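One structure below.
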Amino acid sequence: MCFVPKKQYFCIMISSFGTQLERWYEANGRDLPWRRTQDPYLIMLSEFILQQTQIVQGLSYYLRFAERFPTAQSLAEASEEEVLRLWQGLGYYSRARNLHKATQKITEAGSFPQDYSFVRALPGVGDYTAAAIMSLAFGKPYAVLDGNVQRVLARHFGITEPIDTTQGKKLLRALADELLDRQHPALYNQAIMDFGACLCKPTSPLCVTCPLAETCVALKEHQVDKLPVKAKRTAIRDRYFTYIYTRTEDRKVLLQRRGSGDIWQGLFEFPMIESEKPLTMAEVEKVLPFKEVRGRLLLVASNIRHQLTHQRLHADFYCLTLPFADKQAKGQWTEEKALDRYALPRLLEKLLERLTNSFVH
Ligand code: SF4
């Protein structure tokens with residue numbers, strides 16, 4: 001069977017596409033630790049880490065997790081706090097919480113079931129991650145389709161249908177399934193993922209050395225920088241956070257834990273005021289629940305930006321030194337030197353670096 005052809009040579013392209021990709025991968029694929037195992041838990045771990053993280057950054061986290069939690073059961077039995085702490089710095093912490101819950105479900109099942117419906121129903125596992133686990137760990141014929149693969153397919157087959165519409169998604173899903181090498185799904189999936197990440201990159205793809213250049217529609221029609229097409233641009237919301245690093249003269253720090261329904265659920269942070277626009281120091285002084293803050297409040301950094309998927313955070317960072325720990329204050333007082341035991345959002349790590357470099361320490 002051939003994918004419904006938009007252009008006559010689609011069938012020829014399809015028949016050689018996988019073979020060329022696999023040859024390229026066998027000669028050029030990256031040697032990564034999770035590619036040397038078929039342990040479904042370790043493959044799942046790598047997929048969770050890489051969901052929104054580059055390989056360079058994710059590699060050390062993978063090694064750390066695999067060492068500390070070598071099995072699904074060992075991770076399942078850890079406290080959420082420990083998991084979040086090990087995840088600290090990677091961002092998108094819902095991944096860590098979902099990974100933790102997923103390992104609990106696997107542990108309850110007794111072993112990792114070779115069952116797509118089970119894997120797909122695990123917390124934090126979407127179509128892409130399920131297909132990756134099923135093919136890489138169990139050799140089952142499920143085609144991966146993520147942003148990398150969408151880009152490769154849209155360019156190589158000249159697909160102008162927006163990839164974020166129902167129609168575009170259906171088209172790409174059908175094409176991805178058609179192209180899958182059912183004899184070697186793990187090899188094919190790894191090949192197309194690596195190809196998208198290393199060669200057919202979002203910007204400056206390496207078309208000159210591309211083994212698929214001869215059959216690439218986008219290259220032939222000078223559409224490489226126009227594909228893939230997206231229908232809508234995601235709106236970015238600006239948020240303004242004022243953090244008050246509240247400490248005592250004997251070096252205790254006030255921490256508060258973030259609740260659910262917003263970013264960074266379950267992580268710790270310093271007292272924070274969110275406002276519609278940046279606050280002046282006088283405005284900050286007025287809303288602080290402590291007496292006599294004037295003169296004790298110091299601005300450490302202002303308008304530090306931090307980009308999340310759909311939000312742009314603007315943070316001001318103050319340091320407030322109190323004579324003693326106010327027991328009425330919301331949150332918990334902890335030793336300043338024990339701060340590294342708490343999982344903090346990456347933004348706060350950035351702010352703490354500023355603090356370390358400032359005159360306060
Ligand atoms: S020729 Fe360029 S655009 Fe086409 S598949 Fe290769 S790298 Fe991607």
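To be explicit about the labels: the chains of the structure tokens are called A, B, and onward in the order shown, and within each one the residues are counted from 1, while ligands get numbers from 1 in the order they are shown.
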Could you give me the residues within 10 Å of ligand 1, counting only C-alpha atoms and all ligand atoms, as a tab-separated table (two decimals) with all heavy atoms, in the first residue's frame?
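See selection_1.tsv below for the written result:
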```
chain	number	residue	atom	x	y	z
A	17	PHE	N	12.79	5.96	1.71
A	17	PHE	CA	12.97	6.89	2.83
A	17	PHE	C	13.58	6.21	4.07
A	17	PHE	O	14.62	6.61	4.57
A	17	PHE	CB	11.60	7.50	3.16
A	17	PHE	CG	11.61	8.50	4.27
A	17	PHE	CD1	11.97	9.82	4.03
A	17	PHE	CD2	11.24	8.14	5.56
A	17	PHE	CE1	11.96	10.75	5.06
A	17	PHE	CE2	11.23	9.06	6.58
A	17	PHE	CZ	11.59	10.37	6.34
A	21	LEU	N	17.35	6.58	5.76
A	21	LEU	CA	17.46	7.10	7.13
A	21	LEU	C	18.26	6.13	8.01
A	21	LEU	O	19.13	6.53	8.77
A	21	LEU	CB	16.08	7.24	7.75
A	21	LEU	CG	15.33	8.53	7.60
A	21	LEU	CD1	14.07	8.48	8.44
A	21	LEU	CD2	16.18	9.72	8.03
A	151	ARG	N	8.63	17.79	11.44
A	151	ARG	CA	9.43	18.69	10.60
A	151	ARG	C	10.06	17.93	9.44
A	151	ARG	O	10.01	18.37	8.28
A	151	ARG	CB	10.50	19.37	11.46
A	151	ARG	CG	11.32	20.41	10.73
A	151	ARG	CD	12.24	21.13	11.69
A	151	ARG	NE	13.18	20.26	12.37
A	151	ARG	CZ	13.12	19.91	13.65
A	151	ARG	NH1	12.14	20.37	14.41
A	151	ARG	NH2	14.02	19.12	14.18
A	152	VAL	N	10.65	16.78	9.73
A	152	VAL	CA	11.31	15.99	8.68
A	152	VAL	C	10.28	15.60	7.61
A	152	VAL	O	10.52	15.78	6.41
A	152	VAL	CB	11.95	14.71	9.28
A	152	VAL	CG1	12.49	13.80	8.18
A	152	VAL	CG2	13.06	15.07	10.26
A	153	LEU	N	9.13	15.11	8.06
A	153	LEU	CA	8.12	14.64	7.10
A	153	LEU	C	7.56	15.81	6.29
A	153	LEU	O	7.41	15.70	5.07
A	153	LEU	CB	6.97	13.91	7.83
A	153	LEU	CG	7.36	12.66	8.63
A	153	LEU	CD1	6.12	11.96	9.16
A	153	LEU	CD2	8.19	11.69	7.79
A	154	ALA	N	7.24	16.91	6.99
A	154	ALA	CA	6.65	18.05	6.28
A	154	ALA	C	7.61	18.57	5.20
A	154	ALA	O	7.20	18.88	4.09
A	154	ALA	CB	6.31	19.17	7.26
A	155	ARG	N	8.89	18.61	5.54
A	155	ARG	CA	9.86	19.12	4.57
A	155	ARG	C	10.11	18.11	3.45
A	155	ARG	O	10.01	18.45	2.27
A	155	ARG	CB	11.19	19.44	5.27
A	155	ARG	CG	11.13	20.72	6.08
A	155	ARG	CD	12.44	20.92	6.79
A	155	ARG	NE	12.48	22.17	7.53
A	155	ARG	CZ	13.42	22.44	8.43
A	155	ARG	NH1	14.37	21.56	8.70
A	155	ARG	NH2	13.42	23.60	9.07
A	156	HIS	N	10.41	16.90	3.84
A	156	HIS	CA	10.80	15.94	2.82
A	156	HIS	C	9.66	15.64	1.84
A	156	HIS	O	9.87	15.51	0.64
A	156	HIS	CB	11.30	14.64	3.46
A	156	HIS	CG	11.83	13.68	2.47
A	156	HIS	ND1	11.11	12.61	2.01
A	156	HIS	CD2	13.00	13.66	1.77
A	156	HIS	CE1	11.82	11.97	1.11
A	156	HIS	NE2	12.97	12.58	0.94
A	157	PHE	N	8.43	15.58	2.36
A	157	PHE	CA	7.30	15.26	1.49
A	157	PHE	C	6.54	16.52	1.05
A	157	PHE	O	5.49	16.42	0.42
A	157	PHE	CB	6.36	14.26	2.19
A	157	PHE	CG	7.03	12.91	2.38
A	157	PHE	CD1	7.72	12.62	3.54
A	157	PHE	CD2	7.01	11.96	1.38
A	157	PHE	CE1	8.36	11.40	3.73
A	157	PHE	CE2	7.66	10.73	1.54
A	157	PHE	CZ	8.34	10.45	2.71
A	158	GLY	N	7.05	17.68	1.40
A	158	GLY	CA	6.45	18.94	0.94
A	158	GLY	C	5.03	19.13	1.43
A	158	GLY	O	4.14	19.56	0.68
A	195	PHE	N	17.82	12.07	13.05
A	195	PHE	CA	17.93	12.81	11.80
A	195	PHE	C	17.32	14.21	11.96
A	195	PHE	O	17.90	15.21	11.57
A	195	PHE	CB	17.21	12.03	10.69
A	195	PHE	CG	17.30	12.66	9.35
A	195	PHE	CD1	18.42	12.49	8.56
A	195	PHE	CD2	16.26	13.44	8.86
A	195	PHE	CE1	18.51	13.09	7.31
A	195	PHE	CE2	16.34	14.05	7.63
A	195	PHE	CZ	17.46	13.87	6.84
A	196	GLY	N	16.15	14.26	12.61
A	196	GLY	CA	15.48	15.54	12.83
A	196	GLY	C	16.27	16.43	13.78
A	196	GLY	O	16.33	17.64	13.62
A	198	CYS	N	19.62	16.26	14.41
A	198	CYS	CA	21.01	16.59	14.01
A	198	CYS	C	21.14	17.16	12.61
A	198	CYS	O	22.04	17.95	12.33
A	198	CYS	CB	21.90	15.34	14.09
A	198	CYS	SG	21.95	14.61	15.71
A	199	LEU	N	20.25	16.75	11.69
A	199	LEU	CA	20.44	17.16	10.30
A	199	LEU	C	19.33	18.08	9.81
A	199	LEU	O	19.57	19.19	9.37
A	199	LEU	CB	20.49	15.89	9.43
A	199	LEU	CG	21.55	15.93	8.34
A	199	LEU	CD1	22.90	15.63	8.93
A	199	LEU	CD2	21.23	14.92	7.26
A	200	CYS	N	18.10	17.61	9.93
A	200	CYS	CA	16.97	18.42	9.46
A	200	CYS	C	16.50	19.27	10.64
A	200	CYS	O	15.38	19.16	11.12
A	200	CYS	CB	15.85	17.50	8.94
A	200	CYS	SG	14.65	18.36	7.93
A	201	LYS	N	17.39	20.15	11.09
A	201	LYS	CA	17.15	20.94	12.31
A	201	LYS	C	16.14	22.06	12.03
A	201	LYS	O	15.97	22.44	10.87
A	201	LYS	CB	18.48	21.55	12.77
A	201	LYS	CG	19.53	20.49	13.08
A	201	LYS	CD	20.80	21.11	13.58
A	201	LYS	CE	21.55	21.85	12.48
A	201	LYS	NZ	22.80	22.45	12.95
A	202	PRO	N	15.54	22.61	13.08
A	202	PRO	CA	14.55	23.68	12.86
A	202	PRO	C	15.14	24.84	12.05
A	202	PRO	O	14.54	25.33	11.11
A	202	PRO	CB	14.18	24.14	14.27
A	202	PRO	CG	14.54	23.00	15.17
A	202	PRO	CD	15.67	22.26	14.51
A	203	THR	N	16.34	25.29	12.45
A	203	THR	CA	16.99	26.35	11.67
A	203	THR	C	18.31	25.80	11.13
A	203	THR	O	18.92	24.93	11.74
A	203	THR	CB	17.27	27.60	12.53
A	203	THR	OG1	17.97	27.16	13.70
A	203	THR	CG2	16.00	28.29	12.96
A	204	SER	N	18.71	26.31	10.02
A	204	SER	CA	19.95	25.89	9.34
A	204	SER	C	20.10	24.37	9.21
A	204	SER	O	21.08	23.79	9.69
A	204	SER	CB	21.19	26.44	10.07
A	204	SER	OG	21.03	27.77	10.40
A	205	PRO	N	19.12	23.70	8.59
A	205	PRO	CA	19.28	22.25	8.36
A	205	PRO	C	20.47	22.00	7.43
A	205	PRO	O	20.82	22.86	6.61
A	205	PRO	CB	17.96	21.85	7.71
A	205	PRO	CG	17.40	23.11	7.14
A	205	PRO	CD	17.88	24.23	8.01
A	206	LEU	N	21.08	20.83	7.59
A	206	LEU	CA	22.31	20.54	6.82
A	206	LEU	C	21.95	19.85	5.49
A	206	LEU	O	22.34	18.70	5.23
A	206	LEU	CB	23.24	19.66	7.66
A	206	LEU	CG	23.52	20.18	9.08
A	206	LEU	CD1	24.39	19.22	9.87
A	206	LEU	CD2	24.18	21.56	9.01
A	207	CYS	N	21.23	20.58	4.66
A	207	CYS	CA	20.75	20.01	3.40
A	207	CYS	C	21.91	19.58	2.50
A	207	CYS	O	21.78	18.63	1.72
A	207	CYS	CB	19.87	21.01	2.66
A	207	CYS	SG	18.46	21.54	3.64
A	208	VAL	N	23.03	20.27	2.60
A	208	VAL	CA	24.16	19.99	1.71
A	208	VAL	C	24.67	18.56	1.91
A	208	VAL	O	25.06	17.90	0.95
A	208	VAL	CB	25.31	21.01	1.98
A	208	VAL	CG1	26.51	20.73	1.10
A	208	VAL	CG2	24.80	22.42	1.77
A	209	THR	N	24.64	18.09	3.15
A	209	THR	CA	25.15	16.74	3.40
A	209	THR	C	24.02	15.73	3.61
A	209	THR	O	24.27	14.61	4.05
A	209	THR	CB	26.06	16.73	4.65
A	209	THR	OG1	25.31	17.30	5.73
A	209	THR	CG2	27.33	17.52	4.45
A	210	CYS	N	22.80	16.14	3.31
A	210	CYS	CA	21.65	15.29	3.62
A	210	CYS	C	21.51	14.12	2.64
A	210	CYS	O	21.46	14.33	1.43
A	210	CYS	CB	20.37	16.14	3.60
A	210	CYS	SG	18.91	15.14	3.87
A	211	PRO	N	21.40	12.90	3.15
A	211	PRO	CA	21.26	11.75	2.25
A	211	PRO	C	19.89	11.69	1.56
A	211	PRO	O	19.71	10.93	0.62
A	211	PRO	CB	21.43	10.55	3.20
A	211	PRO	CG	21.05	11.06	4.55
A	211	PRO	CD	21.44	12.51	4.57
A	212	LEU	N	18.95	12.52	2.04
A	212	LEU	CA	17.61	12.52	1.44
A	212	LEU	C	17.41	13.71	0.50
A	212	LEU	O	16.30	13.94	0.02
A	212	LEU	CB	16.55	12.58	2.55
A	212	LEU	CG	16.51	11.40	3.53
A	212	LEU	CD1	15.52	11.69	4.65
A	212	LEU	CD2	16.12	10.12	2.82
A	213	ALA	N	18.48	14.47	0.27
A	213	ALA	CA	18.35	15.72	-0.49
A	213	ALA	C	17.74	15.49	-1.88
A	213	ALA	O	16.92	16.28	-2.34
A	213	ALA	CB	19.72	16.39	-0.60
A	214	GLU	N	18.11	14.40	-2.51
A	214	GLU	CA	17.65	14.17	-3.88
A	214	GLU	C	16.14	14.06	-3.99
A	214	GLU	O	15.55	14.45	-5.00
A	214	GLU	CB	18.26	12.87	-4.39
A	214	GLU	CG	19.16	13.12	-5.59
A	214	GLU	CD	19.80	11.83	-6.03
A	214	GLU	OE1	19.08	10.94	-6.49
A	214	GLU	OE2	21.03	11.74	-5.87
A	215	THR	N	15.51	13.53	-2.95
A	215	THR	CA	14.05	13.34	-3.01
A	215	THR	C	13.30	14.37	-2.15
A	215	THR	O	12.09	14.26	-1.97
A	215	THR	CB	13.68	11.92	-2.54
A	215	THR	OG1	14.39	11.65	-1.34
A	215	THR	CG2	14.00	10.88	-3.60
A	216	CYS	N	14.01	15.35	-1.61
A	216	CYS	CA	13.36	16.28	-0.68
A	216	CYS	C	12.58	17.37	-1.42
A	216	CYS	O	13.15	18.18	-2.16
A	216	CYS	CB	14.42	16.93	0.22
A	216	CYS	SG	13.69	18.10	1.36
A	217	VAL	N	11.27	17.38	-1.23
A	217	VAL	CA	10.41	18.34	-1.93
A	217	VAL	C	10.71	19.77	-1.48
A	217	VAL	O	10.81	20.69	-2.30
A	217	VAL	CB	8.91	18.01	-1.67
A	217	VAL	CG1	8.01	19.06	-2.30
A	217	VAL	CG2	8.58	16.63	-2.19
A	218	ALA	N	10.88	19.95	-0.17
A	218	ALA	CA	11.12	21.31	0.33
A	218	ALA	C	12.40	21.89	-0.28
A	218	ALA	O	12.43	23.06	-0.66
A	218	ALA	CB	11.23	21.29	1.85
A	219	LEU	N	13.42	21.05	-0.42
A	219	LEU	CA	14.68	21.54	-0.98
A	219	LEU	C	14.49	21.89	-2.45
A	219	LEU	O	14.91	22.95	-2.91
A	219	LEU	CB	15.77	20.47	-0.80
A	219	LEU	CG	17.17	20.92	-1.20
A	219	LEU	CD1	17.69	22.02	-0.27
A	219	LEU	CD2	18.15	19.73	-1.16
A	220	LYS	N	13.81	21.01	-3.13
A	220	LYS	CA	13.60	21.19	-4.57
A	220	LYS	C	12.78	22.46	-4.84
A	220	LYS	O	13.03	23.19	-5.78
A	220	LYS	CB	12.84	19.97	-5.09
A	220	LYS	CG	12.88	19.77	-6.56
A	220	LYS	CD	12.31	18.41	-6.87
A	220	LYS	CE	12.01	18.30	-8.35
A	220	LYS	NZ	11.01	17.30	-8.60
A	222	HIS	N	12.46	25.09	-2.81
A	222	HIS	CA	12.94	26.23	-1.99
A	222	HIS	C	11.98	26.59	-0.87
A	222	HIS	O	11.66	27.76	-0.64
A	222	HIS	CB	13.20	27.46	-2.89
A	222	HIS	CG	14.08	27.15	-4.05
A	222	HIS	ND1	15.43	26.94	-3.90
A	222	HIS	CD2	13.80	26.98	-5.36
A	222	HIS	CE1	15.95	26.65	-5.08
A	222	HIS	NE2	14.98	26.65	-5.99
A	223	GLN	N	11.49	25.56	-0.19
A	223	GLN	CA	10.51	25.78	0.88
A	223	GLN	C	11.06	25.36	2.25
A	223	GLN	O	10.30	25.28	3.21
A	223	GLN	CB	9.24	24.96	0.59
A	223	GLN	CG	8.49	25.36	-0.66
A	223	GLN	CD	7.88	26.74	-0.52
A	223	GLN	OE1	7.23	27.04	0.48
A	223	GLN	NE2	8.11	27.59	-1.49
A	224	VAL	N	12.36	25.06	2.31
A	224	VAL	CA	12.90	24.49	3.55
A	224	VAL	C	12.61	25.39	4.76
A	224	VAL	O	12.15	24.92	5.80
A	224	VAL	CB	14.42	24.23	3.42
A	224	VAL	CG1	15.00	23.78	4.75
A	224	VAL	CG2	14.68	23.19	2.35
A	225	ASP	N	12.82	26.70	4.61
A	225	ASP	CA	12.60	27.57	5.77
A	225	ASP	C	11.12	27.91	5.99
A	225	ASP	O	10.77	28.59	6.93
A	225	ASP	CB	13.45	28.85	5.64
A	225	ASP	CG	13.13	29.59	4.35
A	225	ASP	OD1	12.50	28.98	3.46
A	225	ASP	OD2	13.49	30.77	4.24
A	227	LEU	N	8.70	25.40	5.87
A	227	LEU	CA	8.03	24.19	6.37
A	227	LEU	C	8.68	23.71	7.66
A	227	LEU	O	9.89	23.81	7.80
A	227	LEU	CB	8.09	23.07	5.30
A	227	LEU	CG	7.32	23.36	4.01
A	227	LEU	CD1	7.54	22.24	3.01
A	227	LEU	CD2	5.84	23.52	4.28
```
Next on the checklist: Using only C-alpha atoms, which protein or nucleic acid residues come within 12 Å of Tyr61 (chain A)? Drop anything in the same chain fewer than 2 positions from it, and give the result as a ChimeraX atom specification.
Outcome noted: /A:33,45-50,53-59,63-69,83-91,96
Could you dump the residues just selected with N, CA and C atoms as a PDB file, in the first residue's frame?
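The resulting result-v4.pdb:
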```
ATOM      1  N   PRO A  33      23.560   6.672  26.385  1.00  0.00           N
ATOM      2  CA  PRO A  33      23.423   5.542  27.314  1.00  0.00           C
ATOM      3  C   PRO A  33      22.086   4.812  27.235  1.00  0.00           C
ATOM      4  N   LEU A  45      12.480   6.590  31.420  1.00  0.00           N
ATOM      5  CA  LEU A  45      13.161   7.666  32.156  1.00  0.00           C
ATOM      6  C   LEU A  45      13.793   8.662  31.172  1.00  0.00           C
ATOM      7  N   SER A  46      14.505   8.130  30.183  1.00  0.00           N
ATOM      8  CA  SER A  46      15.164   9.030  29.218  1.00  0.00           C
ATOM      9  C   SER A  46      14.122   9.828  28.438  1.00  0.00           C
ATOM     10  N   GLU A  47      13.006   9.198  28.090  1.00  0.00           N
ATOM     11  CA  GLU A  47      11.983   9.905  27.317  1.00  0.00           C
ATOM     12  C   GLU A  47      11.339  11.017  28.145  1.00  0.00           C
ATOM     13  N   PHE A  48      11.097  10.773  29.418  1.00  0.00           N
ATOM     14  CA  PHE A  48      10.539  11.830  30.287  1.00  0.00           C
ATOM     15  C   PHE A  48      11.524  12.990  30.365  1.00  0.00           C
ATOM     16  N   ILE A  49      12.794  12.676  30.578  1.00  0.00           N
ATOM     17  CA  ILE A  49      13.789  13.743  30.726  1.00  0.00           C
ATOM     18  C   ILE A  49      13.899  14.552  29.433  1.00  0.00           C
ATOM     19  N   LEU A  50      13.827  13.857  28.295  1.00  0.00           N
ATOM     20  CA  LEU A  50      14.056  14.549  27.017  1.00  0.00           C
ATOM     21  C   LEU A  50      12.800  15.193  26.438  1.00  0.00           C
ATOM     22  N   THR A  53      13.720  18.851  27.060  1.00  0.00           N
ATOM     23  CA  THR A  53      15.102  19.158  27.421  1.00  0.00           C
ATOM     24  C   THR A  53      16.051  18.675  26.326  1.00  0.00           C
ATOM     25  N   GLN A  54      17.078  19.457  26.074  1.00  0.00           N
ATOM     26  CA  GLN A  54      18.097  19.057  25.088  1.00  0.00           C
ATOM     27  C   GLN A  54      18.923  17.903  25.656  1.00  0.00           C
ATOM     28  N   ILE A  55      19.470  17.083  24.752  1.00  0.00           N
ATOM     29  CA  ILE A  55      20.262  15.926  25.198  1.00  0.00           C
ATOM     30  C   ILE A  55      21.455  16.354  26.055  1.00  0.00           C
ATOM     31  N   VAL A  56      22.146  17.410  25.660  1.00  0.00           N
ATOM     32  CA  VAL A  56      23.320  17.848  26.433  1.00  0.00           C
ATOM     33  C   VAL A  56      22.979  18.098  27.890  1.00  0.00           C
ATOM     34  N   GLN A  57      21.828  18.733  28.095  1.00  0.00           N
ATOM     35  CA  GLN A  57      21.444  19.042  29.469  1.00  0.00           C
ATOM     36  C   GLN A  57      20.865  17.807  30.165  1.00  0.00           C
ATOM     37  N   GLY A  58      20.116  16.991  29.405  1.00  0.00           N
ATOM     38  CA  GLY A  58      19.413  15.863  30.015  1.00  0.00           C
ATOM     39  C   GLY A  58      20.320  14.701  30.388  1.00  0.00           C
ATOM     40  N   LEU A  59      21.447  14.587  29.709  1.00  0.00           N
ATOM     41  CA  LEU A  59      22.326  13.431  29.907  1.00  0.00           C
ATOM     42  C   LEU A  59      22.751  13.233  31.366  1.00  0.00           C
ATOM     43  N   LEU A  63      21.836  10.083  33.950  1.00  0.00           N
ATOM     44  CA  LEU A  63      22.841   9.257  34.638  1.00  0.00           C
ATOM     45  C   LEU A  63      22.611   9.292  36.151  1.00  0.00           C
ATOM     46  N   ARG A  64      22.284  10.489  36.654  1.00  0.00           N
ATOM     47  CA  ARG A  64      22.054  10.646  38.089  1.00  0.00           C
ATOM     48  C   ARG A  64      20.817   9.843  38.531  1.00  0.00           C
ATOM     49  N   PHE A  65      19.741   9.954  37.760  1.00  0.00           N
ATOM     50  CA  PHE A  65      18.517   9.211  38.104  1.00  0.00           C
ATOM     51  C   PHE A  65      18.755   7.704  37.999  1.00  0.00           C
ATOM     52  N   ALA A  66      19.420   7.280  36.924  1.00  0.00           N
ATOM     53  CA  ALA A  66      19.620   5.844  36.712  1.00  0.00           C
ATOM     54  C   ALA A  66      20.496   5.262  37.822  1.00  0.00           C
ATOM     55  N   GLU A  67      21.399   6.085  38.346  1.00  0.00           N
ATOM     56  CA  GLU A  67      22.261   5.588  39.417  1.00  0.00           C
ATOM     57  C   GLU A  67      21.499   5.541  40.750  1.00  0.00           C
ATOM     58  N   ARG A  68      20.786   6.632  41.032  1.00  0.00           N
ATOM     59  CA  ARG A  68      20.067   6.695  42.305  1.00  0.00           C
ATOM     60  C   ARG A  68      18.851   5.756  42.317  1.00  0.00           C
ATOM     61  N   PHE A  69      18.158   5.694  41.153  1.00  0.00           N
ATOM     62  CA  PHE A  69      16.958   4.849  41.043  1.00  0.00           C
ATOM     63  C   PHE A  69      17.135   3.887  39.867  1.00  0.00           C
ATOM     64  N   VAL A  83      12.482  13.075  44.598  1.00  0.00           N
ATOM     65  CA  VAL A  83      12.444  13.034  43.127  1.00  0.00           C
ATOM     66  C   VAL A  83      12.541  14.458  42.576  1.00  0.00           C
ATOM     67  N   LEU A  84      11.777  15.366  43.166  1.00  0.00           N
ATOM     68  CA  LEU A  84      11.797  16.751  42.689  1.00  0.00           C
ATOM     69  C   LEU A  84      13.175  17.380  42.890  1.00  0.00           C
ATOM     70  N   ARG A  85      13.805  17.029  44.003  1.00  0.00           N
ATOM     71  CA  ARG A  85      15.127  17.611  44.284  1.00  0.00           C
ATOM     72  C   ARG A  85      16.150  17.145  43.241  1.00  0.00           C
ATOM     73  N   LEU A  86      16.072  15.873  42.863  1.00  0.00           N
ATOM     74  CA  LEU A  86      17.007  15.355  41.862  1.00  0.00           C
ATOM     75  C   LEU A  86      16.715  15.955  40.483  1.00  0.00           C
ATOM     76  N   TRP A  87      15.453  16.325  40.293  1.00  0.00           N
ATOM     77  CA  TRP A  87      15.008  16.896  39.003  1.00  0.00           C
ATOM     78  C   TRP A  87      15.368  18.393  38.917  1.00  0.00           C
ATOM     79  N   GLN A  88      15.701  18.959  40.056  1.00  0.00           N
ATOM     80  CA  GLN A  88      15.892  20.410  40.149  1.00  0.00           C
ATOM     81  C   GLN A  88      16.821  20.943  39.057  1.00  0.00           C
ATOM     82  N   GLY A  89      16.364  21.995  38.371  1.00  0.00           N
ATOM     83  CA  GLY A  89      17.170  22.603  37.314  1.00  0.00           C
ATOM     84  C   GLY A  89      16.705  22.182  35.930  1.00  0.00           C
ATOM     85  N   LEU A  90      15.934  21.096  35.846  1.00  0.00           N
ATOM     86  CA  LEU A  90      15.461  20.642  34.525  1.00  0.00           C
ATOM     87  C   LEU A  90      14.193  21.363  34.086  1.00  0.00           C
ATOM     88  N   GLY A  91      13.449  21.921  35.060  1.00  0.00           N
ATOM     89  CA  GLY A  91      12.213  22.626  34.717  1.00  0.00           C
ATOM     90  C   GLY A  91      11.071  21.660  34.405  1.00  0.00           C
ATOM     91  N   ALA A  96       8.474  15.254  36.380  1.00  0.00           N
ATOM     92  CA  ALA A  96       9.043  14.469  37.489  1.00  0.00           C
ATOM     93  C   ALA A  96       7.930  13.830  38.313  1.00  0.00           C
TER      94      ALA A  96
END
```
Next on the checklist: Ranking A:Val293, A:Ile273, A:Ala282, A:Ala186 by minimum distance to His314 (chain A) and counting only C-alpha atoms, which one comes first?
Outcome noted: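 Looking at the shortest contact to His314 (chain A), the residue is A:Ile273.
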Next on the checklist: What's around region 259-270 of chain A at 9 Å? Count only C-alpha atoms, leave out sequence neighbours fewer than 5 positions away in its own chain, and write the answer as number ranges by chain.
Outcome noted: A: 80-81, 84-85, 91-94, 243-246, 253-254, 331, 342-345, 348
Checklist entry - Counting only C-alpha atoms, which of A:Ala121, A:Ile192, A:Leu347, A:Ala197 gets nearest to Arg312 (chain A)? => result A:Leu347
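Residue nearest Pro289 (chain A), chosen from A:Lys169, A:Arg233, A:Arg251, A:Lys330 and counting only C-alpha atoms: A:Lys330.
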Next on the checklist: Based on the backbone DSSP call, show me all residues of region 132-359 of chain A assigned alpha helix (DSSP H), as a PyMOL selection string.
Outcome noted: chain A and resi 132-138+147-156+166-179+185-198+217-220+281-287+346-357
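If only C-alpha atoms are the atoms counted, then among A:Ile43, A:Leu255, A:Leu351, A:Leu339 the closest residue to Ala325 (chain A) is A:Leu255.
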Item to check | Residues within 7 Å of region 144-148 of chain A, only C-alpha atoms, excluding chain neighbours under 5 positions, as a PyMOL selection string | outcome: chain A and resi 128+131-132+176+189+193+196-197
Output N, CA and C atoms for every residue in the selection just made, as a CSV table (one decimal), in the first residue's frame.
```csv
chain,number,residue,atom,x,y,z
A,128,TYR,N,3.5,10.0,21.6
A,128,TYR,CA,5.0,9.9,21.2
A,128,TYR,C,5.8,9.0,22.2
A,131,ALA,N,4.8,5.4,22.0
A,131,ALA,CA,5.4,4.7,20.8
A,131,ALA,C,6.9,4.5,21.0
A,132,ALA,N,7.6,5.4,21.6
A,132,ALA,CA,9.0,5.3,21.8
A,132,ALA,C,9.3,4.1,22.7
A,176,ALA,N,3.4,8.9,8.9
A,176,ALA,CA,4.4,8.3,9.8
A,176,ALA,C,4.2,6.8,9.9
A,189,ASN,N,12.8,4.3,14.3
A,189,ASN,CA,12.4,5.4,15.1
A,189,ASN,C,13.6,6.2,15.6
A,193,MET,N,14.4,10.2,14.6
A,193,MET,CA,14.5,11.2,15.7
A,193,MET,C,15.9,11.9,15.6
A,196,GLY,N,16.1,14.3,12.6
A,196,GLY,CA,15.5,15.5,12.8
A,196,GLY,C,16.3,16.4,13.8
A,197,ALA,N,16.9,15.8,14.8
A,197,ALA,CA,17.6,16.6,15.8
A,197,ALA,C,19.0,17.1,15.2
```
Next on the checklist: Which residues are close to Ile106 (chain A), i.e. within 10 Å by only C-alpha atoms, leaving aside same-chain residues fewer than 5 positions away? Reply as a list in words.
Outcome noted: Tyr41, Ala72, Gln73, Ala76, Lys101, Ser111, Phe112, Pro113, Phe118, Val119 and Leu122 of chain A
Checklist outcome for this item: Between A:Ser135, A:Thr166, A:Thr37, A:Gln190, smallest distance to Ala231 (chain A) by only C-alpha atoms belongs to A:Thr166
Item to check | Between CA of Ala143 (chain A) and CA of Leu308 (chain A), distance in Å (one decimal) | outcome: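 About the pair CA of Ala143 (chain A) and CA of Leu308 (chain A): they are 28.5 Å apart.
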Checklist entry - So which one's closest to Arg258 (chain A), A:Gln167, A:Arg173, A:Met272, A:Glu335? Using only C-alpha atoms, please. => result A:Met272
Item to check | strand (DSSP E) residues, from DSSP on the backbone, in region 286-335 of chain A, as a list in words | outcome: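 These are the residues in question: Leu297, Leu298, Leu299, Val300, Ala301, Ser302, Asn303, Ile304, Arg305, His306, Gln307, Gln311, Arg312, Leu313, His314, Ala315, Asp316, Phe317, Tyr318, Cys319, Leu320, Thr321, Leu322, Gln332, Trp333, Thr334 and Glu335 of chain A.
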